[in-house]
Amino acid sequence: MYIGIDVGGTSTNAVLLDNGLVRDSATVPSSADIITSLLEALDKIMTGVTAELIERVVLSTTLITNLIAEKKYAPVGLILIPGPGLSHEHYQFHTDTLIISGAIDYRGREIMPLSDDEIEKAINNLSAKGYKKVAVVGKFSVRNNKHEQEIVSRIKCLQPDWHVEMGHQVAGQLNFPRRVVSTMLACATRDKYSFFVESVQAALTMRGIKGPVYILKADGGTMLLNKVTGVPIETIFSGPAASTLGVQALIPSGETAVVVDIGGTTTDLALILSGQPLLSSKGAPVYEQLTQVRALAVKSVAVGGDSLVERVDQEILVCPKRLGPPFCMGGPMPTPTDALRVLGLTGVGNAKQAAEAMDILGQPLGISYYEAAQRIINSVINVIVQEIENMFTQWEQEPAYRVWEVLQKRKERPDMVVGVGGGAAGFITQIAAKVGGNPVIPPYAPVANAIGAAVAIPTLQVSLRADTEQGNYIIEQEGYQGKIEKASFTEEDALLLADEWLKKRAEKYGLDNIVGNTEINRRDVFNMVRNWNTTGRIYDISVQTPRGIIGHIGAKDGFSNA
Amino acid sequence: MHKKTGLIFFPAFDWAISPTHPEREERLLYTRDQIFEEGVMDLPQIHEYAPRLASIHDISRTHFCVPQVQSQITEAHLIASGSILQLGDSVVSGEIKNGFAIVRPPGHHAMRVVHGNRGFCNINNEAILVDYLRRRHCIKKIAIVDSDVHHGDGTQDIFFHDPDVLFISFHQDGRTIYPGSGFSNELGGPGAYAKTLNVPLPPGTVDETFMYVVDNLVLPVVNDFQPELIINSAGQDNHYSDPLGSMRFTAGAYADFTKKLKPNLAVLEGGYAIETALPYVNLAIILALADIDYSNVMEPDYWPGKFKESPEKTAQVHRTVEQLLETWTNKEHADLHKLFGSGKYYQRKKFIYYDTDYIEEIQLEQVRRCDECPGYIAIASRANRGNPAPVSIYAITIPLQACQTCQSEAYDIYEQVKKRQEYDYVYMQDKFTDTCRTYAKSKEQEWVTEG
């Protein structure tokens, strides 16, 4: 049996899957210590089931994302080595930022050495301001981490108790500003993440669960919980991935669907294209900060059941903020939920109060409370439908850098519009009608995120960049720099090396069993010609284990491939 | 919110002319690294567009590809051209303030008739854009400024008789570099006199002299012409580290030039210092277009004052500028009869060499001198590629601005030439009705495409 748990800011959802069916589910309020709510949820779903039967547990959480949103983390100082390029004025990260001279180029060559004097000054400066957490990030450090290493070894010497993160270890892709943000967030949230891991382990030990425990990553894959301390940011923003995977498990395979998760203040939209959740081509944005976290493409729209609705002159506007619960549930101002109540699209709250809320808006305009409600619902629906259209267009308009990528571009529109989350029921039929798909509210929609966690499987990637002219290679995900040993290093050798690293990573993360059939998702070869002679090759190769889920809920023969 | 700068980055990582050709997969690799690492695509002033494919008709509207478009291009060409059309659409619709197509393969050596690849080019992206914008968006006057180290002879050839396209090219002196043309006496045909201006620069020309040409010739002439749209053929091989050129321009100077010219569209052409120039020049041009400070962009081995130029060279360029400015200023008073004769047609004989494909073409181009319109152009061309046998074609193009007389005359000629069965292929490119016809002698068959 599999357990999936989603630890959210207000509630914790849990499900117990038994041979492809949902045996039980529970929703309990989240407690501050996490453990209490975990135990409560576990006890509810495990009634009559012994701990030995639990083969594995997968968790997802939005707790740490919420901390970032509320800026509840210790300040992180920045030491940056941007070198020439964009003006340094661009590097505004709302924290003390010290810029050190020095530069590495796109092939990892040092083009300007570091200044020891500046390093020491920077460390003293941050120390004087009381920083204990520091992120060190250099431009092109993913091609050569020498400068980051040098600065960190100096810090270790002068301030041995500081918690330091280096850019090349957090985010291996090119994009210096995103690497800065990712490294800063990794540094800021590591303690909180450890606290979460410890609480989960304590709760599971108390209930005698001994099966492996995984955590969901933002890209919909999982990692073993006790092995992820090195790469926490991949696992931090997993909330939206959980509901998307849940929907993927709750609808038939191969469908193209939009997932519409309508909550109190926000609506999260995700796409499932021919059965596979769409990955974001760039990293995840986290509260307006752009990161390099590999994630599913999820669009957050600032509208939900509790959004404030106001009248401005002759218009009724749905505002992107929440002042409290809906009017019909004792809140201060009218909300879309009140409108749903008036139209009979939801049963929550008090009908009379809902009508009163609509009258507040409608009377000055000389329209009935019923018409006011309709206007509100229409405007909520229009916003969501527009964003769904934008998501599809954006996907079609995604840049392509190879001829084959441009030629394989296709157009797709959803067969299904799947509603999950508290507010979905009242809106989904009308949204589906406008988008042109079938409205679906799957069974267990309220716990879709826990189901998504339960069905997620481990995934691993390795991106190798080998430069035979310089005789070196890097492994993006590990921040590793190595020497090419072979004299004539071919494309075949590069693929073998990438595969070897995938196995090595799998071992490191306790996932040896998943490396069977690997997929190649990038295979670029660049002939290097200098002065009319071929002087080497650059191989840019990316391999991964297949993405997917263990199975669909209610499939005829259970989770056959699990 | 200010309008954004649109970018299409299409490095064609899976396309090369041949594995060791300068036009190979590696060309924009380090440019990719630099602009991605800088986070350029995330800047609020930048919008990255996806490339799109140009249609075969978009190409037929501009070129006579022999025997047909499909035999002269690959998919990569359609994507490079299509990307420029995409940015053209977005600029004209007002979605973006300007755009930069960092795409390959390039195009400015491709002439109206295309028998093969010359100077790494098969089809002329800027020319295809001009004909497309005129058709789709009714834009008439366009200025093209070519800043590649090589003379933009393809673009010049296509617009030589077009009074509504101003073409200015500054480049390394044709006596010292491919394609061996672009001298200051090449000034356009009788109907478009001085709408083609060439500034040959001596090898070793530095930033200051580059800026002198820009400030004293390019900007005043472009301003005077009052184009609806300015296109920059942004070749980057004037850079001091380019292996094919011998000039000494820097990334900073390319950015200064961009900032001054304010092109609506910049299109990458040549530039083969793929490590030492392109990452910096492309970044600097992007920032200049987007009005972002580019003063911190510099080549690792450059310091101000690194290059000096002899005063004689500087003086020589100053004289060329002075002479061209005079030609421009007095163009209305030029004695066209003295310059071009006074027949019904003005004709030029051209010998064209296709360096990539080893083809020799002999062309006789005749333009109808008309008081009502720029006149139709008729071209007889014969290309010798050694083996197989030479191909001969006859091609007529009717401009969008054509008068009735020119239109009917052109069609009469087309029908007559078809009947004579003298040429392997006969083409009619009617920009007025946006219809292109190809007649193949061997099959006695005609194909028509319409826009």
# chains A, B, ... in the order shown; residues from 1 in each chain; ligands from 1

$ interface_residues --of "chain B" --to "chain A" --cutoff "9 Å" --atoms "only C-alpha atoms" --output "compact mmCIF listing (two decimals) with C-alpha atoms, in the first residue's frame"
# COMPACT_ATOMS: atom_id res chain seq x y z
CA ILE B 8 14.33 35.75 -32.02
CA PHE B 9 17.31 33.61 -31.27
CA PHE B 10 17.61 30.77 -33.73
CA PRO B 11 21.13 29.32 -33.63
CA ALA B 12 20.16 26.27 -35.73
CA PHE B 13 22.21 23.93 -33.56
CA ASP B 14 21.44 21.10 -35.98
CA TRP B 15 22.30 22.78 -39.29
CA PRO B 19 31.02 20.23 -40.85
CA THR B 20 33.96 22.64 -41.01
CA HIS B 21 32.29 25.56 -42.80
CA PRO B 22 32.15 28.90 -40.91
CA ARG B 24 28.26 25.51 -38.83
CA GLU B 25 26.40 24.52 -35.65
CA GLU B 26 29.01 26.11 -33.40
CA LEU B 29 26.99 28.53 -29.37
CA TYR B 30 28.99 31.01 -27.30
CA THR B 31 26.54 33.78 -28.08
CA ASP B 33 26.02 30.93 -23.56
CA GLN B 34 26.60 34.63 -23.06
CA ILE B 35 23.03 35.86 -23.49
CA PHE B 36 21.54 32.99 -21.49
CA GLU B 37 24.03 33.39 -18.64
CA GLU B 38 23.35 37.12 -18.53
CA GLY B 39 19.65 36.29 -18.17
CA VAL B 40 18.83 38.53 -21.14
CA ASP B 42 14.29 37.38 -18.49
CA GLU B 48 11.64 36.39 -26.86
CA TYR B 49 9.58 35.15 -29.81
CA ALA B 50 9.49 31.67 -31.25
CA PRO B 51 10.78 31.31 -34.78
CA ARG B 52 8.27 30.54 -37.52
CA LEU B 53 8.53 29.27 -41.07
CA GLU B 75 14.16 24.11 -43.67
CA ALA B 76 16.70 26.22 -41.77
CA ILE B 79 12.99 29.35 -40.33
CA PRO B 243 39.05 35.87 -39.14
CA GLU B 275 34.25 33.22 -29.52
CA TYR B 280 29.95 40.44 -26.89
CA LEU B 283 24.87 41.18 -26.26
CA ALA B 284 25.84 44.82 -26.81
CA LEU B 287 21.14 46.01 -24.84
CA ILE B 292 19.85 49.25 -21.42
CA ASP B 293 23.30 50.38 -20.30
CA TYR B 294 25.89 48.42 -22.28
CA SER B 295 29.01 50.17 -21.01
CA ASN B 296 30.05 47.10 -19.00
CA VAL B 297 30.03 44.84 -22.07
CA MET B 298 33.55 44.45 -23.37
CA GLU B 299 35.88 41.98 -24.95
CA PRO B 300 38.32 40.50 -22.41
CA ASP B 301 41.36 41.51 -24.47

$ select_by_dssp --residues "region 130-352 of chain B" --states "helix (DSSP H, G or I)" --output "PyMOL selection string"
chain B and resi 130-137+153-159+190-192+207-225+251-261+278-289+311-329+331-333+336-340

$ closest_atom_pairs --of "region 151-246 of chain A" --to "region 125-132 of chain A" --cutoff "10 Å" --atoms "only C-alpha atoms" --output "tab-separated table"
residue	atom	partner	partner_atom	distance
A:Leu158	CA	A:Ser127	CA	9.8
A:Gln159	CA	A:Ser127	CA	8.2
A:Pro160	CA	A:Lys132	CA	10.0
A:Asp161	CA	A:Lys132	CA	7.6
A:Trp162	CA	A:Lys132	CA	4.9
A:His163	CA	A:Lys132	CA	6.2
A:Val164	CA	A:Lys132	CA	8.3

$ atom_distance --atom1 "CA of Ser379 (chain A)" --atom2 "CA of Ala445 (chain A)"
24.2 Å

$ closest_residue --among "B:Ala389, B:Leu166, B:Val222, B:Ile377" --to "Ile413 (chain B)" --atoms "only C-alpha atoms"
B:Ile377

$ residues_around --residues "region 545-559 of chain A" --least-positions-apart "2" --cutoff "9 Å" --atoms "only C-alpha atoms" --output "PyMOL selection string"
chain A and resi 17-22+220-221+245+248-253+276-277+451-452+454-461+502+514-520+543+561-562

$ write_last_selection --atoms "C-alpha atoms" --output "tab-separated table (two decimals), in the first residue's frame"
chain	number	residue	atom	x	y	z
A	17	LEU	CA	-3.76	3.68	-2.04
A	18	ASP	CA	-4.31	-0.05	-2.20
A	19	ASN	CA	-3.69	-1.78	-5.51
A	20	GLY	CA	-4.67	1.20	-7.61
A	21	LEU	CA	-7.68	2.22	-5.54
A	22	VAL	CA	-8.10	4.93	-2.94
A	220	GLY	CA	6.77	15.87	-10.60
A	221	GLY	CA	9.53	13.36	-9.83
A	245	LEU	CA	0.00	14.58	-10.88
A	248	GLN	CA	-3.02	12.86	-14.19
A	249	ALA	CA	-3.75	9.77	-12.05
A	250	LEU	CA	-7.47	10.49	-11.85
A	251	ILE	CA	-8.13	10.85	-15.60
A	252	PRO	CA	-7.54	8.25	-18.32
A	253	SER	CA	-4.04	8.08	-19.76
A	276	GLN	CA	2.14	14.13	-19.81
A	277	PRO	CA	2.27	17.20	-17.55
A	451	ILE	CA	-2.98	11.32	-4.60
A	452	GLY	CA	-0.45	13.07	-6.84
A	454	ALA	CA	1.24	8.93	-3.75
A	455	VAL	CA	1.60	8.06	-7.45
A	456	ALA	CA	4.79	10.03	-8.19
A	457	ILE	CA	7.93	8.12	-9.09
A	458	PRO	CA	11.62	8.94	-8.69
A	459	THR	CA	13.35	10.67	-11.60
A	460	LEU	CA	16.92	11.69	-12.23
A	461	GLN	CA	18.62	13.79	-14.89
A	502	LEU	CA	23.23	8.84	-14.15
A	514	ILE	CA	15.33	3.16	-11.36
A	515	VAL	CA	18.17	3.32	-13.89
A	516	GLY	CA	17.00	0.92	-16.55
A	517	ASN	CA	15.94	2.46	-19.81
A	518	THR	CA	17.30	5.99	-19.95
A	519	GLU	CA	15.99	8.65	-22.31
A	520	ILE	CA	18.21	11.05	-24.24
A	543	VAL	CA	19.87	11.97	-20.22
A	561	ASN	CA	3.86	-1.60	-13.39
A	562	ALA	CA	4.59	-0.62	-9.80

$ closest_residue --among "A:Arg154, A:Lys71, A:Lys133, A:Lys299" --to "Thr183 (chain A)" --atoms "only C-alpha atoms"
A:Lys133

$ atom_distance --atom1 "CA of Glu309 (chain B)" --atom2 "CA of Leu217 (chain B)"
20.0 Å

$ residues_around --residues "region 102-110 of chain B" --least-positions-apart "2" --cutoff "8 Å" --atoms "only C-alpha atoms" --output "tab-separated table (two decimals) with N, CA and C atoms, in the first residue's frame"
chain	number	residue	atom	x	y	z
B	7	LEU	N	13.09	39.64	-29.55
B	7	LEU	CA	14.26	38.87	-29.96
B	7	LEU	C	13.82	37.54	-30.53
B	8	ILE	N	14.45	37.15	-31.63
B	8	ILE	CA	14.33	35.75	-32.02
B	8	ILE	C	15.74	35.22	-32.10
B	9	PHE	N	16.00	34.23	-31.28
B	9	PHE	CA	17.31	33.61	-31.27
B	9	PHE	C	17.15	32.22	-31.89
B	10	PHE	N	17.69	32.08	-33.09
B	10	PHE	CA	17.61	30.77	-33.73
B	10	PHE	C	19.01	30.34	-34.20
B	11	PRO	N	19.74	29.68	-33.30
B	11	PRO	CA	21.13	29.32	-33.63
B	11	PRO	C	21.25	28.11	-34.54
B	12	ALA	N	20.14	27.45	-34.85
B	12	ALA	CA	20.16	26.27	-35.73
B	12	ALA	C	21.27	25.30	-35.32
B	23	GLU	N	29.77	28.60	-41.49
B	23	GLU	CA	28.34	28.51	-41.17
B	23	GLU	C	28.05	27.10	-40.65
B	76	ALA	N	16.06	25.17	-42.58
B	76	ALA	CA	16.70	26.22	-41.77
B	76	ALA	C	16.52	27.59	-42.42
B	77	HIS	N	16.58	27.65	-43.76
B	77	HIS	CA	16.39	28.93	-44.45
B	77	HIS	C	14.98	29.46	-44.23
B	80	ALA	N	14.87	30.87	-40.70
B	80	ALA	CA	15.57	32.15	-40.55
B	80	ALA	C	14.73	33.27	-41.17
B	83	SER	N	11.50	33.90	-39.19
B	83	SER	CA	11.74	34.60	-37.92
B	83	SER	C	11.75	36.10	-38.15
B	100	PHE	N	15.37	42.12	-32.95
B	100	PHE	CA	16.69	41.66	-33.38
B	100	PHE	C	16.56	40.17	-33.69
B	112	ARG	N	18.66	38.66	-56.70
B	112	ARG	CA	17.29	38.36	-57.11
B	112	ARG	C	17.19	36.97	-57.75
B	113	VAL	N	18.17	36.68	-58.63
B	113	VAL	CA	18.18	35.35	-59.25
B	113	VAL	C	19.09	34.47	-58.40
B	114	VAL	N	18.62	33.27	-58.05
B	114	VAL	CA	19.40	32.39	-57.20
B	114	VAL	C	19.66	31.07	-57.92
B	117	ASN	N	24.37	28.88	-53.75
B	117	ASN	CA	24.78	29.62	-52.56
B	117	ASN	C	26.00	30.47	-52.87
B	118	ARG	N	25.92	31.73	-52.52
B	118	ARG	CA	27.11	32.60	-52.65
B	118	ARG	C	27.30	33.37	-51.35
B	119	GLY	N	28.55	33.43	-50.90
B	119	GLY	CA	28.85	34.14	-49.67
B	119	GLY	C	28.02	33.61	-48.51
B	120	PHE	N	27.84	32.31	-48.46
B	120	PHE	CA	27.10	31.59	-47.40
B	120	PHE	C	25.59	31.84	-47.45
B	121	CYS	N	25.10	32.52	-48.51
B	121	CYS	CA	23.68	32.91	-48.52
B	121	CYS	C	22.94	32.26	-49.70
B	122	ASN	N	21.72	31.85	-49.47
B	122	ASN	CA	20.85	31.38	-50.54
B	122	ASN	C	19.70	32.34	-50.81
B	123	ILE	N	19.08	32.79	-49.73
B	123	ILE	CA	17.97	33.72	-49.92
B	123	ILE	C	18.18	34.94	-49.02
B	124	ASN	N	17.68	36.07	-49.48
B	124	ASN	CA	17.95	37.35	-48.84
B	124	ASN	C	16.83	37.70	-47.85
B	125	ASN	N	17.13	37.50	-46.56
B	125	ASN	CA	16.11	37.66	-45.52
B	125	ASN	C	15.52	39.07	-45.46
B	126	GLU	N	16.38	40.09	-45.59
B	126	GLU	CA	15.89	41.47	-45.50
B	126	GLU	C	14.99	41.79	-46.70
B	152	GLY	N	27.02	44.31	-49.06
B	152	GLY	CA	25.72	43.63	-49.16
B	152	GLY	C	25.25	43.62	-50.60
B	153	ASP	N	25.99	42.89	-51.46
B	153	ASP	CA	25.73	42.97	-52.90
B	153	ASP	C	24.39	42.36	-53.30
B	154	GLY	N	23.91	41.39	-52.53
B	154	GLY	CA	22.61	40.79	-52.84
B	154	GLY	C	21.49	41.79	-52.64
B	155	THR	N	21.51	42.46	-51.50
B	155	THR	CA	20.48	43.45	-51.19
B	155	THR	C	20.55	44.60	-52.21
B	233	SER	N	21.23	45.40	-41.44
B	233	SER	CA	21.83	44.09	-41.71
B	233	SER	C	23.06	44.02	-40.83
B	267	VAL	N	19.12	42.48	-38.17
B	267	VAL	CA	19.16	41.09	-38.63
B	267	VAL	C	20.62	40.66	-38.68
B	268	LEU	N	20.96	39.60	-37.98
B	268	LEU	CA	22.34	39.12	-38.01
B	268	LEU	C	22.70	38.71	-39.42
B	269	GLU	N	23.86	39.15	-39.90
B	269	GLU	CA	24.37	38.64	-41.17
B	269	GLU	C	25.65	37.87	-40.87
B	270	GLY	N	26.81	38.36	-41.33
B	270	GLY	CA	28.06	37.64	-41.09
B	270	GLY	C	28.62	37.89	-39.70
B	282	ASN	N	26.75	40.66	-30.01
B	282	ASN	CA	25.31	40.39	-29.95
B	282	ASN	C	24.70	40.93	-28.66

$ residues_around --residues "Thr10 (chain A)" --least-positions-apart "3" --cutoff "9 Å" --atoms "only C-alpha atoms" --output "ChimeraX atom specification"
/A:7,28-31

$ closest_residue --among "B:Gly271, B:Gly245, B:Gly189, B:Ala16" --to "Gln366 (chain B)" --atoms "only C-alpha atoms"
B:Gly189

$ closest_residue --among "A:Ser182, A:Gly48, A:Gly347, A:Arg311" --to "Pro285 (chain A)" --atoms "only C-alpha atoms"
A:Ser182

$ atom_distance --atom1 "CA of Ala194 (chain B)" --atom2 "CA of Leu244 (chain B)"
29.1 Å

$ residues_around --residues "Asn238 (chain B)" --least-positions-apart "2" --cutoff "9 Å" --atoms "only C-alpha atoms" --output "VMD selection string"
chain B and resid 147 to 150 171 to 172 205 235 to 236 240 to 242 245 to 250 271

$ write_last_selection --atoms "C-alpha atoms" --output "PDB file, in the first residue's frame"
ATOM      1  CA  SER B 147      27.077  47.014 -41.331  1.00  0.00           C
ATOM      2  CA  ASP B 148      28.664  43.736 -42.418  1.00  0.00           C
ATOM      3  CA  VAL B 149      32.356  43.777 -43.382  1.00  0.00           C
ATOM      4  CA  HIS B 150      31.352  42.399 -46.790  1.00  0.00           C
ATOM      5  CA  HIS B 171      32.280  47.646 -45.573  1.00  0.00           C
ATOM      6  CA  GLN B 172      35.895  46.751 -46.124  1.00  0.00           C
ATOM      7  CA  THR B 205      39.494  51.126 -39.983  1.00  0.00           C
ATOM      8  CA  GLY B 235      26.911  41.664 -39.791  1.00  0.00           C
ATOM      9  CA  GLN B 236      29.540  41.551 -37.070  1.00  0.00           C
ATOM     10  CA  TYR B 240      38.810  43.470 -34.758  1.00  0.00           C
ATOM     11  CA  SER B 241      39.034  39.728 -34.091  1.00  0.00           C
ATOM     12  CA  ASP B 242      37.133  38.494 -37.154  1.00  0.00           C
ATOM     13  CA  GLY B 245      37.638  40.653 -42.218  1.00  0.00           C
ATOM     14  CA  SER B 246      40.548  43.007 -41.462  1.00  0.00           C
ATOM     15  CA  MET B 247      38.717  45.807 -39.662  1.00  0.00           C
ATOM     16  CA  ARG B 248      39.019  46.962 -36.046  1.00  0.00           C
ATOM     17  CA  PHE B 249      35.514  47.744 -34.804  1.00  0.00           C
ATOM     18  CA  THR B 250      34.618  46.846 -31.192  1.00  0.00           C
ATOM     19  CA  GLY B 271      30.478  37.516 -38.169  1.00  0.00           C
TER      20      GLY B 271
END

$ residues_around --residues "region 210-217 of chain A" --least-positions-apart "3" --cutoff "8 Å" --atoms "only C-alpha atoms" --output "PyMOL selection string"
chain A and resi 51-52+54-60+204-205+220-226+234-238+241-242+295+453+456

$ closest_residue --among "A:Ile441, A:Met329, A:Ala355, A:Val286" --to "Leu67 (chain A)" --atoms "only C-alpha atoms"
A:Val286
